[in-house]
$ cat target06.txt   # compact mmCIF, C-alpha atoms
# COMPACT_ATOMS: atom_id res chain seq x y z
CA MET A 30 104.01 -129.34 -104.03
CA ALA A 31 102.54 -130.16 -107.42
CA ARG A 32 99.04 -128.84 -107.97
CA THR A 33 96.40 -129.40 -110.61
CA VAL A 34 95.43 -126.27 -112.50
CA LEU A 35 92.87 -125.49 -115.20
CA VAL A 36 93.88 -122.63 -117.49
CA THR A 37 91.28 -121.29 -119.91
CA GLY A 38 92.00 -119.43 -123.11
CA VAL A 39 95.12 -121.31 -124.23
CA SER A 40 94.70 -121.11 -127.99
CA ARG A 41 97.56 -118.90 -129.22
CA ARG A 42 101.28 -119.25 -128.64
CA ALA A 43 101.50 -115.46 -128.47
CA GLY A 44 98.87 -115.28 -125.73
CA ILE A 45 98.92 -114.93 -121.96
CA GLY A 46 97.16 -118.26 -121.45
CA PHE A 47 99.90 -120.11 -123.29
CA ALA A 48 102.58 -118.37 -121.22
CA VAL A 49 100.77 -119.20 -117.98
CA ALA A 50 100.36 -122.86 -118.91
CA ARG A 51 104.00 -123.13 -119.97
CA ARG A 52 105.20 -121.60 -116.70
CA LEU A 53 103.02 -123.86 -114.56
CA LEU A 54 104.12 -126.95 -116.47
CA ALA A 55 107.75 -125.93 -116.11
CA ASP A 56 107.19 -125.68 -112.36
CA GLY A 57 105.99 -129.29 -112.30
CA HIS A 58 102.26 -128.75 -111.96
CA ARG A 59 99.58 -130.81 -113.71
CA VAL A 60 97.77 -128.51 -116.12
CA VAL A 61 94.59 -128.88 -118.17
CA VAL A 62 94.34 -126.30 -120.94
CA HIS A 63 91.18 -125.01 -122.56
CA SER A 64 90.85 -123.39 -125.96
CA TRP A 65 88.27 -122.11 -128.42
CA SER A 66 90.10 -121.19 -131.62
CA ALA A 67 86.90 -120.36 -133.50
CA HIS A 68 86.89 -117.00 -131.71
CA ASP A 69 90.45 -116.23 -132.81
CA ALA A 70 89.56 -117.09 -136.39
CA GLU A 71 87.06 -114.21 -136.34
CA GLN A 72 89.67 -111.70 -135.13
CA PRO A 73 92.23 -109.70 -137.16
CA TRP A 74 95.10 -111.73 -135.71
CA GLY A 75 93.58 -115.06 -136.78
CA ALA A 76 93.66 -118.50 -135.21
CA ASP A 77 96.81 -120.37 -134.25
CA ASP A 78 97.36 -124.07 -134.93
CA VAL A 79 96.00 -125.65 -131.74
CA ASP A 80 97.92 -128.86 -132.36
CA ALA A 81 101.14 -126.84 -132.52
CA VAL A 82 100.15 -124.99 -129.34
CA LEU A 83 99.68 -128.27 -127.50
CA ALA A 84 102.88 -129.74 -128.95
CA GLU A 85 104.97 -126.82 -127.64
CA LEU A 86 103.44 -127.34 -124.21
CA GLY A 87 104.28 -131.05 -124.22
CA ARG A 88 100.71 -132.09 -125.00
CA PRO A 89 98.95 -131.51 -121.67
CA PRO A 90 95.31 -132.59 -121.34
CA HIS A 91 93.17 -130.30 -123.48
CA VAL A 92 89.49 -129.46 -123.73
CA ALA A 93 87.98 -127.32 -126.50
CA ALA A 94 84.78 -125.57 -125.43
CA ASP A 95 82.71 -122.58 -126.46
CA LEU A 96 82.14 -120.74 -123.20
CA ALA A 97 79.26 -118.81 -124.75
CA ASP A 98 77.27 -122.00 -124.11
CA PRO A 99 75.78 -121.70 -120.59
CA ALA A 100 76.41 -125.40 -119.98
CA ALA A 101 80.07 -125.27 -121.04
CA PRO A 102 81.67 -124.00 -117.80
CA ALA A 103 80.33 -126.85 -115.67
CA GLU A 104 81.20 -129.35 -118.40
CA LEU A 105 84.73 -127.97 -118.61
CA ILE A 106 85.29 -128.28 -114.87
CA SER A 107 83.94 -131.84 -114.96
CA ALA A 108 86.19 -132.73 -117.90
CA ALA A 109 89.26 -131.29 -116.18
CA ARG A 110 88.58 -133.25 -113.03
CA SER A 111 88.14 -136.47 -115.00
CA LEU A 112 91.51 -135.86 -116.68
CA VAL A 113 93.66 -134.91 -113.67
CA GLY A 114 91.56 -135.42 -110.56
CA PRO A 115 90.42 -132.63 -108.21
CA VAL A 116 91.42 -129.21 -109.51
CA ASP A 117 93.39 -127.09 -107.04
CA ALA A 118 93.49 -123.82 -108.98
CA LEU A 119 91.58 -122.12 -111.76
CA VAL A 120 93.00 -119.46 -114.07
CA ALA A 121 90.08 -117.89 -115.95
CA ASN A 122 92.13 -116.33 -118.71
CA HIS A 123 89.68 -116.71 -121.60
CA ALA A 124 88.19 -113.61 -123.21
CA ARG A 125 85.98 -112.56 -126.07
CA SER A 126 87.58 -109.56 -127.75
CA SER A 127 85.20 -107.01 -129.18
CA SER A 128 85.64 -103.65 -130.88
CA GLY A 129 82.99 -101.00 -131.30
CA GLY A 130 82.06 -97.84 -129.44
CA LEU A 131 78.65 -96.52 -128.48
CA GLN A 132 77.60 -95.87 -132.05
CA GLN A 133 78.56 -99.33 -133.28
CA VAL A 134 77.78 -101.70 -130.40
CA THR A 135 74.82 -104.05 -130.83
CA ALA A 136 72.62 -105.93 -128.40
CA ALA A 137 73.91 -109.19 -129.85
CA GLU A 138 77.55 -108.27 -129.20
CA LEU A 139 76.80 -107.04 -125.70
CA ASP A 140 75.15 -110.38 -124.97
CA ARG A 141 77.99 -112.45 -126.47
CA SER A 142 80.71 -110.55 -124.63
CA TRP A 143 78.79 -110.74 -121.37
CA ALA A 144 78.19 -114.48 -121.78
CA VAL A 145 81.83 -115.35 -122.38
CA ASN A 146 83.69 -112.80 -120.28
CA ALA A 147 81.41 -112.41 -117.27
CA ARG A 148 78.82 -115.19 -117.06
CA ALA A 149 81.19 -118.01 -117.97
CA THR A 150 83.78 -116.75 -115.49
CA VAL A 151 81.32 -116.83 -112.59
CA LEU A 152 80.03 -120.26 -113.60
CA LEU A 153 83.58 -121.60 -113.85
CA VAL A 154 84.29 -120.35 -110.33
CA GLN A 155 81.04 -121.95 -109.15
CA GLY A 156 81.99 -125.30 -110.64
CA PHE A 157 85.55 -125.09 -109.37
CA ALA A 158 84.44 -124.32 -105.81
CA ALA A 159 81.95 -127.19 -105.81
CA GLN A 160 84.64 -129.77 -106.56
CA HIS A 161 87.45 -128.26 -104.46
CA ARG A 162 88.80 -130.52 -101.74
CA ARG A 163 90.12 -128.72 -98.67
CA ASP A 164 92.27 -131.69 -97.72
CA ARG A 165 94.43 -130.86 -100.75
CA GLY A 166 95.28 -127.41 -99.36
CA ARG A 167 94.07 -123.95 -100.19
CA GLY A 168 92.32 -123.42 -103.48
CA ALA A 169 93.08 -120.51 -105.77
CA VAL A 170 91.16 -118.66 -108.45
CA VAL A 171 92.85 -116.12 -110.71
CA LEU A 172 90.57 -113.89 -112.77
CA MET A 173 91.74 -111.64 -115.58
CA THR A 174 90.47 -108.15 -116.27
CA SER A 175 91.61 -105.18 -118.33
CA GLY A 176 92.39 -101.60 -117.32
CA GLN A 177 88.86 -100.21 -117.62
CA HIS A 178 88.70 -99.45 -113.88
CA ARG A 179 91.74 -97.19 -114.23
CA GLY A 180 90.75 -95.23 -117.30
CA ALA A 181 88.52 -95.04 -120.34
CA MET A 182 88.88 -97.56 -123.17
CA PRO A 183 86.93 -95.98 -126.06
CA GLY A 184 85.92 -98.23 -128.92
CA GLU A 185 85.66 -101.41 -126.82
CA LEU A 186 82.33 -100.93 -125.08
CA ALA A 187 81.12 -104.55 -124.90
CA TYR A 188 84.55 -105.73 -123.78
CA VAL A 189 84.85 -102.96 -121.19
CA LEU A 190 81.43 -103.72 -119.73
CA SER A 191 82.02 -107.44 -119.41
CA LYS A 192 85.61 -107.25 -118.16
CA GLY A 193 84.64 -104.53 -115.72
CA ALA A 194 82.08 -106.92 -114.26
CA VAL A 195 84.81 -109.50 -113.65
CA GLN A 196 86.89 -106.97 -111.74
CA GLN A 197 83.91 -105.81 -109.70
CA VAL A 198 82.73 -109.29 -108.73
CA THR A 199 86.16 -110.31 -107.41
CA ALA A 200 85.64 -108.93 -103.90
CA THR A 201 82.30 -110.70 -103.53
CA LEU A 202 83.62 -114.01 -104.82
CA GLY A 203 86.57 -113.70 -102.46
CA ALA A 204 84.24 -113.10 -99.52
CA GLU A 205 81.99 -116.03 -100.41
CA LEU A 206 84.81 -118.51 -100.93
CA ALA A 207 87.15 -117.56 -98.07
CA VAL A 208 85.23 -119.83 -95.69
CA ARG A 209 85.97 -122.68 -98.11
CA ASP A 210 89.70 -121.83 -98.03
CA ILE A 211 89.74 -120.57 -101.62
CA GLY A 212 91.44 -117.30 -102.50
CA VAL A 213 90.16 -115.22 -105.42
CA VAL A 214 92.38 -112.59 -107.04
CA CYS A 215 91.91 -110.54 -110.20
CA VAL A 216 94.88 -109.51 -112.34
CA ASN A 217 94.95 -106.50 -114.64
CA PRO A 218 98.09 -106.92 -116.75
CA GLY A 219 97.56 -103.71 -118.71
CA PRO A 220 98.56 -103.75 -122.38
CA VAL A 221 100.55 -106.89 -123.20
CA ASP A 222 102.17 -107.60 -126.54
CA THR A 223 100.23 -110.66 -127.67
CA GLY A 224 100.52 -109.92 -131.38
CA TYR A 225 97.27 -108.04 -131.89
CA ALA A 226 98.59 -104.51 -132.43
CA ASP A 227 99.78 -102.99 -135.68
CA ASP A 228 103.13 -101.18 -135.81
CA ALA A 229 101.68 -97.72 -135.20
CA THR A 230 99.68 -98.86 -132.19
CA ARG A 231 102.61 -100.80 -130.80
CA ALA A 232 104.84 -97.73 -130.96
CA ALA A 233 102.23 -95.41 -129.47
CA VAL A 234 101.49 -97.72 -126.56
CA ALA A 235 105.18 -98.48 -125.93
CA ALA A 236 105.78 -94.77 -125.41
CA ARG A 237 103.40 -94.88 -122.44
CA PHE A 238 105.57 -97.35 -120.53
CA PRO A 239 108.53 -96.00 -118.53
CA SER A 240 110.63 -98.81 -119.99
CA GLY A 241 109.68 -97.80 -123.53
CA HIS A 242 108.43 -101.27 -124.48
CA TRP A 243 105.40 -103.50 -123.96
CA PRO A 244 105.38 -106.24 -121.33
CA ARG A 245 105.40 -109.77 -122.70
CA PRO A 246 102.97 -112.59 -121.84
CA GLY A 247 105.69 -114.26 -119.77
CA ASP A 248 105.74 -111.24 -117.45
CA THR A 249 102.08 -111.77 -116.61
CA ALA A 250 102.62 -115.51 -116.28
CA GLU A 251 105.09 -114.91 -113.45
CA ILE A 252 102.42 -113.19 -111.39
CA VAL A 253 99.61 -115.60 -112.25
CA ALA A 254 101.72 -118.67 -111.46
CA TRP A 255 102.50 -117.27 -108.01
CA LEU A 256 98.82 -116.60 -107.36
CA THR A 257 97.79 -120.19 -108.12
CA GLY A 258 99.41 -121.16 -104.84
CA PRO A 259 98.57 -120.33 -101.21
CA ALA A 260 99.39 -116.64 -101.74
CA ALA A 261 95.97 -116.12 -103.31
CA MET A 262 94.31 -116.23 -99.89
CA ALA A 263 96.42 -113.37 -98.54
CA LEU A 264 95.23 -111.19 -101.44
CA THR A 265 91.72 -112.56 -101.79
CA GLY A 266 89.10 -110.15 -103.10
CA THR A 267 91.65 -107.73 -104.53
CA THR A 268 92.71 -106.64 -108.00
CA ILE A 269 96.40 -106.50 -108.81
CA ASP A 270 97.22 -103.79 -111.34
CA ALA A 271 100.38 -105.26 -112.84
CA GLU A 272 100.69 -102.63 -115.56
CA HIS A 273 104.48 -102.11 -115.55
CA GLY A 274 104.03 -98.38 -114.89
CA PHE A 275 101.69 -97.80 -117.85
CA HIS A 276 100.36 -94.24 -117.84
CA ARG A 277 97.24 -92.99 -119.54
$ encode --input "target06.txt" --output "structure tokens"
Amino acid sequence: MARTVLVTGVSRRAGIGFAVARRLLADGHRVVVHSWSAHDAEQPWGADDVDAVLAELGRPPHVAADLADPAAPAELISAARSLVGPVDALVANHARSSSGGLQQVTAAELDRSWAVNARATVLLVQGFAAQHRRDRGRGAVVLMTSGQHRGAMPGELAYVLSKGAVQQVTATLGAELAVRDIGVVCVNPGPVDTGYADDATRAAVAARFPSGHWPRPGDTAEIVAWLTGPAAMALTGTTIDAEHGFHR
């Protein structure tokens, strides 16, 4: 059965969000994609051509929004619903990347990372749940975290704090939304080769996988696509550590 899905953070063809949207579209679902390329432009990997991103996906409905704006999550949910009707599943894949350890982190960066990674995620879930229609079947929410609950991630303090909050709030969101027939699952994909690492880092991290190579975004997309269906309820409130055997 075709479902309507909102996927956030679809701004780079090398990214997980792009792979998730492509997989869902290939499966025949109606997908609204969200992007905010201004963030990528500030990062070492740079921004992709959003028009090219959309073209490769077959030009699905698209909304650009800065999720640092407290009003943006509700506006994004409203825009998605106006484009495709009631939204059956939400994939909160967006993230603000941030480097800097204890000596470098600033109050401003802590606030920005928290706003985008944690606050916006909760507000997106709030807006999604408010518009969900039970007559369309079970709803599904897929959250994305990192591996901070499995081991230290030095040098990424603001990111670790905000992504850790997403992982920790999953059980509570799952408990609150189960009565509304919405499953909430968090996915930790571990390190994924999305084009951000230099050659030395790529080699060092690859050595920590039993396979000897990094997982690709499409590997994560397989799991996320499955969770946008009824299976999310069976796993609601849990975190799936899909790290391909990564060892620290």
$ closest_residue --input "target06.txt" --among "A:Thr201, A:Ser64, A:Thr135, A:Gln155" --to "His91 in chain A" --atoms "all atoms listed in the file"
A:Ser64
$ residues_near_point --input "target06.txt" --point "(79.3, -114.5, -118.5)" --cutoff "12 Å" --atoms "only C-alpha atoms" --output "VMD selection string"
chain A and resid 95 to 102 121 123 to 125 139 to 154 187 to 188 190 to 195 198
$ atom_distance --input "target06.txt" --atom1 "CA of Asp222 in chain A" --atom2 "CA of Trp255 in chain A"
20.9 Å
$ closest_residue --input "target06.txt" --among "A:Gln197, A:Thr174, A:Asn122, A:Ser128" --to "Phe47 in chain A" --atoms "only C-alpha atoms"
A:Asn122
$ residues_around --input "target06.txt" --residues "range 209-212 of chain A" --least-positions-apart "3" --cutoff "9 Å" --atoms "all atoms listed in the file" --output "mmCIF file with C-alpha atoms, keeping the file's coordinate frame"
data_model
loop_
_atom_site.group_PDB
_atom_site.id
_atom_site.type_symbol
_atom_site.label_atom_id
_atom_site.label_comp_id
_atom_site.auth_asym_id
_atom_site.auth_seq_id
_atom_site.Cartn_x
_atom_site.Cartn_y
_atom_site.Cartn_z
ATOM 1 C CA ALA A 118 93.490 -123.820 -108.980
ATOM 2 C CA ALA A 158 84.440 -124.320 -105.810
ATOM 3 C CA HIS A 161 87.450 -128.260 -104.460
ATOM 4 C CA ARG A 163 90.120 -128.720 -98.670
ATOM 5 C CA GLY A 166 95.280 -127.410 -99.360
ATOM 6 C CA ARG A 167 94.070 -123.950 -100.190
ATOM 7 C CA GLY A 168 92.320 -123.420 -103.480
ATOM 8 C CA ALA A 169 93.080 -120.510 -105.770
ATOM 9 C CA VAL A 170 91.160 -118.660 -108.450
ATOM 10 C CA VAL A 171 92.850 -116.120 -110.710
ATOM 11 C CA LEU A 202 83.620 -114.010 -104.820
ATOM 12 C CA GLY A 203 86.570 -113.700 -102.460
ATOM 13 C CA ALA A 204 84.240 -113.100 -99.520
ATOM 14 C CA GLU A 205 81.990 -116.030 -100.410
ATOM 15 C CA LEU A 206 84.810 -118.510 -100.930
ATOM 16 C CA LEU A 256 98.820 -116.600 -107.360
ATOM 17 C CA THR A 257 97.790 -120.190 -108.120
ATOM 18 C CA PRO A 259 98.570 -120.330 -101.210
ATOM 19 C CA ALA A 260 99.390 -116.640 -101.740
ATOM 20 C CA ALA A 261 95.970 -116.120 -103.310
ATOM 21 C CA MET A 262 94.310 -116.230 -99.890
ATOM 22 C CA ALA A 263 96.420 -113.370 -98.540
ATOM 23 C CA LEU A 264 95.230 -111.190 -101.440
ATOM 24 C CA THR A 265 91.720 -112.560 -101.790
ATOM 25 C CA GLY A 266 89.100 -110.150 -103.100
#
$ closest_residue --input "target06.txt" --among "A:Gly224, A:Gly247, A:Gly114, A:Gly258" --to "Gly75 in chain A" --atoms "all atoms listed in the file"
A:Gly224
$ closest_residue --input "target06.txt" --among "A:Glu104, A:Glu85, A:Glu71, A:Asp270" --to "Val214 in chain A" --atoms "all atoms listed in the file"
A:Asp270
$ closest_residue --input "target06.txt" --among "A:Trp65, A:Ala137, A:Asp117, A:Pro89" --to "Arg165 in chain A" --atoms "all atoms listed in the file"
A:Asp117
$ closest_residue --input "target06.txt" --among "A:Ala94, A:Leu186, A:Met30, A:Ala254" --to "Ala136 in chain A" --atoms "all atoms listed in the file"
A:Leu186
